[in-house]
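**Q** This is model-v2.txt, which holds compact mmCIF, C-alpha atoms:
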# COMPACT_ATOMS: atom_id res chain seq x y z
CA MET R 26 0.00 0.00 0.00
CA THR R 27 1.39 3.39 -0.97
CA ARG R 28 0.91 6.10 1.65
CA ASN R 29 0.78 9.81 0.95
CA VAL R 30 2.92 11.14 3.78
CA ASP R 31 1.54 14.64 3.24
CA THR R 32 -1.81 13.47 4.63
CA ILE R 33 -0.37 12.02 7.86
CA PRO R 34 -0.20 14.59 10.68
CA PRO R 35 2.98 14.40 12.77
CA MET R 36 2.67 13.09 16.32
CA LYS R 37 3.10 15.86 18.86
CA ILE R 38 5.21 14.30 21.63
CA ARG R 39 5.42 15.96 25.04
CA LYS R 40 7.84 13.53 26.66
CA PHE R 41 9.42 10.10 26.70
CA TYR R 42 9.91 7.81 29.67
CA THR R 43 12.26 4.82 29.92
CA PHE R 44 11.93 2.32 32.77
CA ILE R 45 14.42 -0.50 33.41
CA GLU R 46 13.78 -3.31 35.89
CA ASP R 47 16.42 -5.97 36.66
CA THR R 48 15.38 -8.99 38.73
CA MET R 49 18.44 -10.77 40.12
CA SER R 50 16.81 -13.57 42.12
CA GLU R 51 13.46 -15.18 42.89
CA ALA R 52 12.59 -16.93 46.17
CA GLY R 53 16.19 -16.42 47.27
CA LYS R 54 17.58 -18.29 44.25
CA PRO R 55 19.73 -16.23 41.86
CA GLY R 56 18.98 -16.25 38.16
CA GLU R 57 21.51 -16.11 35.35
CA PRO R 58 21.16 -14.06 33.32
CA PRO R 59 19.04 -11.66 35.35
CA LEU R 60 15.60 -10.86 34.04
CA ARG R 61 15.65 -7.40 32.49
CA LYS R 62 12.39 -5.74 31.54
CA VAL R 63 12.21 -2.34 29.90
CA ALA R 64 9.25 -0.09 29.22
CA VAL R 65 9.44 2.88 26.89
CA VAL R 66 6.62 5.41 26.84
CA ALA R 67 5.78 8.30 24.53
CA VAL R 68 3.22 10.83 25.75
CA VAL R 69 1.53 12.25 22.66
CA GLU R 70 -1.21 14.73 21.97
CA ASN R 71 -4.62 13.21 21.24
CA PRO R 72 -5.96 15.10 18.20
CA HIS R 73 -9.46 13.71 18.79
CA ALA R 74 -9.83 14.44 22.51
CA GLY R 75 -13.29 15.67 23.40
CA ARG R 76 -14.96 14.84 20.08
CA PHE R 77 -16.08 11.81 18.11
CA VAL R 78 -14.23 11.20 14.85
CA GLU R 79 -15.33 8.32 12.64
CA ASP R 80 -12.14 7.89 10.61
CA LEU R 81 -9.10 6.97 12.72
CA LYS R 82 -6.97 5.96 9.74
CA PRO R 83 -4.67 9.02 10.02
CA MET R 84 -3.83 8.01 13.61
CA ILE R 85 -3.13 4.45 12.51
CA GLU R 86 -0.87 5.57 9.66
CA GLY R 87 0.87 8.16 11.83
CA SER R 88 1.78 5.52 14.42
CA GLU R 89 4.43 3.87 12.27
CA GLU R 90 7.12 6.46 12.95
CA LEU R 91 6.26 6.39 16.65
CA GLY R 92 6.61 2.62 16.69
CA SER R 93 10.03 2.90 15.08
CA GLU R 94 11.27 5.47 17.60
CA LEU R 95 9.97 3.64 20.68
CA SER R 96 11.42 0.36 19.39
CA ARG R 97 14.83 1.94 18.89
CA ILE R 98 14.85 3.32 22.44
CA ALA R 99 13.61 0.04 23.94
CA VAL R 100 16.25 -2.10 22.20
CA ARG R 101 18.95 0.30 23.38
CA ALA R 102 17.64 0.16 26.97
CA LEU R 103 17.67 -3.66 26.92
CA ASP R 104 21.36 -3.75 25.96
CA PRO R 105 23.51 -5.83 26.45
CA TYR R 106 20.69 -8.34 26.14
CA ARG R 107 18.51 -9.28 23.19
CA ALA R 108 14.74 -9.36 23.37
CA GLN R 109 12.97 -12.69 23.80
CA SER R 110 9.54 -11.28 24.63
CA TYR R 111 7.53 -8.17 23.98
CA GLY R 112 4.24 -6.40 24.64
CA LYS R 113 2.49 -3.12 24.03
CA GLY R 114 -0.13 -0.98 25.71
CA GLY R 115 -1.31 2.48 26.49
CA ILE R 116 -3.40 4.85 28.54
CA VAL R 117 -5.67 7.41 26.91
CA GLY R 118 -6.49 10.58 28.82
CA LEU R 119 -9.98 11.16 30.17
CA ALA R 120 -11.08 13.37 27.27
CA GLY R 121 -10.34 10.59 24.80
CA GLU R 122 -11.72 7.17 23.93
CA GLN R 123 -10.08 3.82 24.46
CA GLU R 124 -10.41 3.42 20.69
CA HIS R 125 -7.86 6.22 20.25
CA ILE R 126 -5.04 4.31 21.94
CA ASN R 127 -6.04 1.14 20.10
CA ALA R 128 -5.66 3.06 16.84
CA LEU R 129 -2.04 3.74 17.78
CA LEU R 130 -1.25 0.07 18.54
CA THR R 131 -2.20 -1.73 15.32
CA THR R 132 0.07 -3.73 13.04
CA THR R 133 1.27 -0.44 11.50
CA PHE R 134 2.77 0.51 14.88
CA ALA R 135 3.89 -3.02 15.78
CA ASN R 136 5.78 -4.06 12.65
CA PRO R 137 8.72 -1.73 13.37
CA LEU R 138 8.97 -3.43 16.79
CA ARG R 139 9.09 -6.86 15.15
CA ASP R 140 11.84 -5.62 12.84
CA ALA R 141 13.81 -4.04 15.69
CA VAL R 142 13.93 -7.17 17.86
CA GLY R 143 14.80 -9.53 15.01
CA GLY R 144 12.21 -12.06 13.98
CA GLY R 145 9.27 -11.41 16.20
CA LYS R 146 6.61 -13.40 14.34
CA ALA R 147 4.21 -13.97 17.23
CA TRP R 148 1.15 -11.92 18.08
CA ILE R 149 2.04 -8.97 20.32
CA SER R 150 -0.14 -8.95 23.42
CA SER R 151 -1.54 -5.59 24.49
CA MET R 152 -3.54 -3.80 27.15
CA THR R 153 -5.26 -0.41 26.90
CA LYS R 154 -7.34 1.68 29.28
CA ARG R 155 -8.50 5.20 30.04
CA GLY R 156 -6.96 7.10 32.95
CA GLY R 157 -5.10 10.14 34.16
CA PRO R 158 -1.82 10.89 35.92
CA GLY R 159 -1.02 8.22 38.50
CA THR R 160 -2.77 5.45 36.59
CA SER R 161 -1.01 2.07 36.56
CA ILE R 162 -1.22 -0.37 33.69
CA ASP R 163 -0.02 -3.97 33.44
CA VAL R 164 1.48 -4.53 30.00
CA PRO R 165 1.50 -8.25 29.10
CA LEU R 166 4.64 -9.92 27.79
CA ALA R 167 4.90 -13.07 25.67
CA CYS R 168 7.61 -14.72 23.59
CA LYS R 169 8.29 -12.83 20.38
CA ASP R 170 8.69 -15.95 18.24
CA ALA R 171 6.01 -18.30 19.53
CA LEU R 172 3.05 -17.18 21.59
CA TYR R 173 2.72 -20.49 23.43
CA VAL R 174 6.09 -20.45 25.22
CA ARG R 175 4.66 -20.65 28.73
CA SER R 176 7.85 -19.59 30.56
CA HIS R 177 7.62 -16.15 28.92
CA TYR R 178 4.07 -15.29 30.03
CA ASP R 179 4.79 -12.24 32.14
CA GLY R 180 4.08 -8.54 32.36
CA MET R 181 5.41 -5.18 33.49
CA THR R 182 3.55 -2.64 35.58
CA VAL R 183 3.99 0.96 34.43
CA THR R 184 2.83 3.98 36.46
CA LEU R 185 3.03 7.51 35.06
CA HIS R 186 2.82 10.23 37.67
CA ASP R 187 2.19 13.21 35.39
CA ALA R 188 0.60 11.66 32.31
CA PRO R 189 -1.56 11.33 30.41
CA LEU R 190 -3.32 14.68 30.65
CA PRO R 191 -6.96 14.64 29.47
CA ASP R 192 -5.96 15.42 25.87
CA GLU R 193 -2.98 13.05 25.73
CA ILE R 194 -2.20 9.40 25.09
CA ALA R 195 0.62 7.40 26.69
CA VAL R 196 1.90 4.79 24.22
CA ILE R 197 3.99 1.95 25.68
CA ILE R 198 6.35 -0.76 24.42
CA CYS R 199 7.82 -3.38 26.77
CA LEU R 200 10.65 -5.84 26.15
CA ALA R 201 12.24 -8.61 28.22
CA ASN R 202 15.44 -10.54 27.66
CA ARG R 203 14.19 -13.90 28.95
CA GLY R 204 11.32 -15.73 30.59
CA ARG R 205 10.48 -15.74 34.28
CA LEU R 206 13.29 -16.72 36.63
CA HIS R 207 13.11 -20.43 37.44
CA ALA R 208 10.01 -21.02 35.31
CA ARG R 209 8.98 -24.63 35.87
CA VAL R 210 5.38 -25.17 34.85
CA GLY R 211 6.18 -27.01 31.64
CA GLY R 212 5.03 -26.25 28.13
CA LEU R 213 6.92 -25.36 24.98
CA LYS R 214 10.52 -24.27 25.61
CA ILE R 215 11.97 -21.36 23.68
CA GLU R 216 14.85 -23.48 22.40
CA ASP R 217 12.35 -25.93 20.90
CA VAL R 218 10.41 -23.39 18.84
CA LYS R 219 10.34 -24.46 15.19
CA GLY R 220 7.52 -22.43 13.71
CA GLN R 221 5.75 -19.23 14.58
CA ASP R 222 2.84 -18.11 16.73
CA GLY R 223 3.25 -21.16 18.91
CA LEU R 224 2.91 -23.67 16.07
CA VAL R 225 5.70 -26.26 15.95
Mind turning this structure into structure tokens?
**A**
Amino acid sequence: MTRNVDTIPPMKIRKFYTFIEDTMSEAGKPGEPPLRKVAVVAVVENPHAGRFVEDLKPMIEGSEELGSELSRIAVRALDPYRAQSYGKGGIVGLAGEQEHINALLTTTFANPLRDAVGGGKAWISSMTKRGGPGTSIDVPLACKDALYVRSHYDGMTVTLHDAPLPDEIAVIICLANRGRLHARVGGLKIEDVKGQDGLV
């Protein structure tokens, strides 16, 4: 599909956040390597806050560049590790609709993330909600190459203390370098993945 970039309004970004969480042990037992989770957030203006707009295609198309930028920051924050799992999510301010954040998290937004982490054929889990500053959201994580790798079912809690404002949207990407520490509930192992989306 050929896009006319002149019709896509630029995203107005107020700020970025980067969160890094390293878990060194679980139940007193160290893990090697540690579990690193990163969350990268862009707080953007919601052009449709306070009004109903039928056509959200410009938001969808405009999300591609945002997906590329957030993916670049997230991969850098995960260094020296490589991503094994990913997730996405977002919080729309109270003057917006949940549909607005969903418009920013479609395949158009997600494909740059798949490219950035290398491979990444599996469905990217997501969570969206409406809220204001101080809202927490649990962004789900799952293996980037096969959705049914049970050891990689996880999540990251993100809390933004000054966003989103009523006319803003917080757009989130999360990455992790491995599954849960000492995962032992069976299921498909990441080293045994042969296909994609959990099909082997």
**Q** Around (17.0, -9.9, 14.9) in the file's own coordinates, what residues are found within 12 Å if you use all atoms listed in the file, given back as a list of chain:residue names?
**A** R:Val100, R:Tyr106, R:Arg107, R:Ala108, R:Gln109, R:Pro137, R:Leu138, R:Arg139, R:Asp140, R:Ala141, R:Val142, R:Gly143, R:Gly144, R:Gly145, R:Lys146, R:Lys169, R:Asp170
**Q** Given the choices R:Thr43, R:Thr182, R:Thr160, R:Ser151, which gets closest to Arg97 of chain R if the distance is worked out from all atoms listed in the file?
**A**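 Comparing R:Thr43, R:Thr182, R:Thr160, R:Ser151 against Arg97 of chain R, the winner is R:Thr43.
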**Q** So how many Å separate atom CA of Ser161 of chain R and atom CA of Thr184 of chain R, to one decimal?
**A** 4.3 Å
**Q** Which distance in Å separates atom CA of Glu86 of chain R and atom CA of Ala99 of chain R, to one decimal?
**A** 21.1 Å
**Q** Could you pull out every residue with an atom within 6 Å of (16.3, -10.2, 31.4), file coordinates, counting only C-alpha atoms, and send them as a PDB file with C-alpha atoms, in the coordinates of the input?
**A**
ATOM      1  CA  PRO R  59      19.040 -11.660  35.350  1.00  0.00           C
ATOM      2  CA  LEU R  60      15.600 -10.860  34.040  1.00  0.00           C
ATOM      3  CA  ARG R  61      15.650  -7.400  32.490  1.00  0.00           C
ATOM      4  CA  LYS R  62      12.390  -5.740  31.540  1.00  0.00           C
ATOM      5  CA  ALA R 201      12.240  -8.610  28.220  1.00  0.00           C
ATOM      6  CA  ASN R 202      15.440 -10.540  27.660  1.00  0.00           C
ATOM      7  CA  ARG R 203      14.190 -13.900  28.950  1.00  0.00           C
TER       8      ARG R 203
END
**Q** Quick one: of R:Val183, R:Val65, R:Ala188, R:Val174, who's nearest to Val210 of chain R, counting all atoms listed in the file?
**A** R:Val174
**Q** Work out how far apart atom CA of Gly92 of chain R and atom CA of Phe134 of chain R are and give it in Å to one decimal.
**A**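 We find that atom CA of Gly92 of chain R and atom CA of Phe134 of chain R lie 4.7 Å from each other.
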**Q** Neighbouring residues of Ala74 of chain R were defined as those with any atom within 9 Å, considering all atoms listed in the file; residues of the same chain fewer than 4 positions away were excluded. Please report them as JSON, numbers by chain.
**A** {"R": [70, 118, 119, 120, 121, 122, 125, 191, 192, 193]}
**Q** Let me make sure I understand: among R:Lys154, R:Arg209, R:Lys82, R:Lys219, which one has the smallest atom-to-atom distance to Gly115 of chain R if we use only C-alpha atoms?
**A** R:Lys154
